[in-house]
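**Q** First, the structure itself, so that you have it in front of you.
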Amino acid sequence: MKFCVSLLIGLMCVASGAVSAHATTEGVNAEVLGVYFAPSAHVASSIVKVIDASEHEVLVQAYGFTHNAIAQALVRAHQRGVTVRVLLDKKSQSANRYVIDVLADADIEVREDGKHASPTTR
């Protein structure tokens with residue numbers, strides 16, 4: 001399946017064997033388990049595995065997000081009680097429509113950012 005997805009995923013979860021970096025700022029502790037850029041055959045499966053292992057919170061920021069398996073992993077996480085928050089670029093709304101609908105049907109809030117789009121595409 002050919003897809004176009006560009007994701008920056010920050011995950012606060014426990015996943016065995018994950019390489020991580022910790023950052024602490026005045027009482028806020030975050031563990032970033034991976035930053036992925038695609039298309040690549042192994043990126044989507046890596047992202048799905050990390051989401052499926054999440055226990056607390058999954059934060060997604062994406063310009064283009066069209067991959068069904070990743071959307072379904074977010075739905076599964078949400079159904080397990082994991083907090084799932086999604087931020088998508090507003091100008092790619094039509095390309096993201098399927099994923100937005102999947103997440104909305106699962107009662108996952110999707111926010112859109114149009115503030116940082118170039119002036120010609122706002």
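Naming scheme: A, B, ... for chains in displayed order of the structure tokens; residues 1 onward per chain; ligands 1 onward as shown.
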Please list as a PyMOL selection string every residue within 10 Å of A:Asp107, counting only C-alpha atoms and excluding residues in the same chain fewer than 4 positions away.

**A** chain A and resi 75+78-79+84+101-103

**Q** With C-alpha atoms kept, could you save the residues just selected as a PDB file, in the first residue's frame?

**A**
```pdb
ATOM      1  CA  VAL A  75      -8.388   4.137  17.863  1.00  0.00           C
ATOM      2  CA  HIS A  78      -8.100   5.404  22.755  1.00  0.00           C
ATOM      3  CA  GLN A  79     -10.345   2.393  23.432  1.00  0.00           C
ATOM      4  CA  VAL A  84      -4.935  10.439  22.220  1.00  0.00           C
ATOM      5  CA  ASP A 101     -13.450  10.585   9.905  1.00  0.00           C
ATOM      6  CA  VAL A 102     -11.992   7.375  11.435  1.00  0.00           C
ATOM      7  CA  LEU A 103     -10.721   9.304  14.454  1.00  0.00           C
TER       8      LEU A 103
END
```

**Q** Run DSSP on the backbone and grab whatever in stretch 64-106 of chain A lands in strand (DSSP E); send it over as a list in words.

**A**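 Across stretch 64-106 of chain A, those assigned strand (DSSP E) are Thr83, Val84, Arg85, Val86, Leu87, Leu88 and Asp89 of chain A.
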
**Q** Please, could you write that set of residues out with N, CA and C atoms as an mmCIF file, in the first residue's frame?

**A**
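Wrote it out as again.cif, contents follow:
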```cif
data_model
loop_
_atom_site.group_PDB
_atom_site.id
_atom_site.type_symbol
_atom_site.label_atom_id
_atom_site.label_comp_id
_atom_site.auth_asym_id
_atom_site.auth_seq_id
_atom_site.Cartn_x
_atom_site.Cartn_y
_atom_site.Cartn_z
ATOM 1 N N THR A 83 -4.915 8.478 26.482
ATOM 2 C CA THR A 83 -5.272 9.798 25.976
ATOM 3 C C THR A 83 -4.628 9.965 24.605
ATOM 4 N N VAL A 84 -5.430 10.253 23.587
ATOM 5 C CA VAL A 84 -4.935 10.439 22.220
ATOM 6 C C VAL A 84 -5.303 11.843 21.780
ATOM 7 N N ARG A 85 -4.292 12.612 21.367
ATOM 8 C CA ARG A 85 -4.512 13.972 20.863
ATOM 9 C C ARG A 85 -3.846 14.090 19.507
ATOM 10 N N VAL A 86 -4.573 14.679 18.551
ATOM 11 C CA VAL A 86 -4.092 14.760 17.170
ATOM 12 C C VAL A 86 -4.161 16.203 16.697
ATOM 13 N N LEU A 87 -3.073 16.673 16.101
ATOM 14 C CA LEU A 87 -2.995 18.003 15.505
ATOM 15 C C LEU A 87 -2.578 17.835 14.056
ATOM 16 N N LEU A 88 -3.434 18.282 13.137
ATOM 17 C CA LEU A 88 -3.162 18.172 11.699
ATOM 18 C C LEU A 88 -3.091 19.563 11.084
ATOM 19 N N ASP A 89 -2.366 19.666 10.001
ATOM 20 C CA ASP A 89 -2.289 20.920 9.268
ATOM 21 C C ASP A 89 -3.599 21.137 8.518
#
```

**Q** Tell me which protein, DNA and RNA residues are within 9 Å of A:Leu74, counting only C-alpha atoms, leaving out same-chain ones fewer than 2 positions away, and put them as an mmCIF file with N, CA and C atoms, in the first residue's frame.

**A**
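For reference, part.cif as written:
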```cif
data_model
loop_
_atom_site.group_PDB
_atom_site.id
_atom_site.type_symbol
_atom_site.label_atom_id
_atom_site.label_comp_id
_atom_site.auth_asym_id
_atom_site.auth_seq_id
_atom_site.Cartn_x
_atom_site.Cartn_y
_atom_site.Cartn_z
ATOM 1 N N VAL A 48 2.965 1.931 14.470
ATOM 2 C CA VAL A 48 1.848 1.139 14.982
ATOM 3 C C VAL A 48 2.270 0.364 16.230
ATOM 4 N N ILE A 51 2.507 2.784 19.188
ATOM 5 C CA ILE A 51 1.164 3.196 19.618
ATOM 6 C C ILE A 51 0.474 2.044 20.349
ATOM 7 N N ASP A 52 0.586 0.833 19.818
ATOM 8 C CA ASP A 52 -0.051 -0.319 20.459
ATOM 9 C C ASP A 52 0.531 -0.608 21.844
ATOM 10 N N VAL A 58 -0.744 9.493 23.766
ATOM 11 C CA VAL A 58 -0.156 9.527 22.426
ATOM 12 C C VAL A 58 -0.472 10.895 21.836
ATOM 13 N N ALA A 69 -3.667 2.061 8.969
ATOM 14 C CA ALA A 69 -3.174 1.236 10.085
ATOM 15 C C ALA A 69 -2.774 2.093 11.283
ATOM 16 N N ILE A 70 -2.193 3.254 11.020
ATOM 17 C CA ILE A 70 -1.824 4.160 12.115
ATOM 18 C C ILE A 70 -3.091 4.728 12.756
ATOM 19 N N ALA A 71 -4.062 5.106 11.942
ATOM 20 C CA ALA A 71 -5.328 5.608 12.482
ATOM 21 C C ALA A 71 -6.004 4.548 13.343
ATOM 22 N N GLN A 72 -6.010 3.309 12.886
ATOM 23 C CA GLN A 72 -6.638 2.223 13.641
ATOM 24 C C GLN A 72 -5.890 1.964 14.955
ATOM 25 N N ARG A 76 -7.445 2.039 18.704
ATOM 26 C CA ARG A 76 -7.258 0.990 19.709
ATOM 27 C C ARG A 76 -6.703 1.561 21.012
ATOM 28 N N ALA A 77 -5.736 2.472 20.896
ATOM 29 C CA ALA A 77 -5.155 3.098 22.089
ATOM 30 C C ALA A 77 -6.233 3.865 22.855
ATOM 31 N N HIS A 78 -7.012 4.631 22.139
ATOM 32 C CA HIS A 78 -8.100 5.404 22.755
ATOM 33 C C HIS A 78 -9.080 4.469 23.464
ATOM 34 N N GLN A 79 -9.410 3.354 22.844
ATOM 35 C CA GLN A 79 -10.345 2.393 23.432
ATOM 36 C C GLN A 79 -9.770 1.741 24.690
ATOM 37 N N VAL A 82 -6.085 5.161 26.736
ATOM 38 C CA VAL A 82 -4.936 6.034 26.498
ATOM 39 C C VAL A 82 -5.462 7.375 25.980
ATOM 40 N N VAL A 84 -5.430 10.253 23.587
ATOM 41 C CA VAL A 84 -4.935 10.439 22.220
ATOM 42 C C VAL A 84 -5.303 11.843 21.780
ATOM 43 N N LEU A 103 -10.989 8.834 13.096
ATOM 44 C CA LEU A 103 -10.721 9.304 14.454
ATOM 45 C C LEU A 103 -11.967 9.927 15.083
ATOM 46 N N ILE A 108 -12.215 10.664 19.005
ATOM 47 C CA ILE A 108 -10.877 11.212 19.232
ATOM 48 C C ILE A 108 -10.880 12.632 18.666
#
```

**Q** What does the distance between atom CA of A:Ser45 and atom CA of A:Tyr98 come to in Å, to one decimal place?

**A**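 About the pair atom CA of A:Ser45 and atom CA of A:Tyr98: they are 19.2 Å apart.
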
**Q** To one decimal place, how far is atom CA of A:Ala104 from atom CA of A:Val43 in Å?

**A** 24.0 Å

**Q** Calculated over only C-alpha atoms, which of the candidates A:His56, A:His67, A:Lys49, A:Arg111 has the smallest distance to A:Gln93?

**A**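 Closest residue, counting only C-alpha atoms: A:Arg111.
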
**Q** Name the closest residue to A:Ala53 among the candidates A:Ser92, A:Asn29, A:Phe65, A:Arg80; distances are taken between atoms, counting only C-alpha atoms.

**A**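 Under the stated criterion, the closest residue is A:Arg80.
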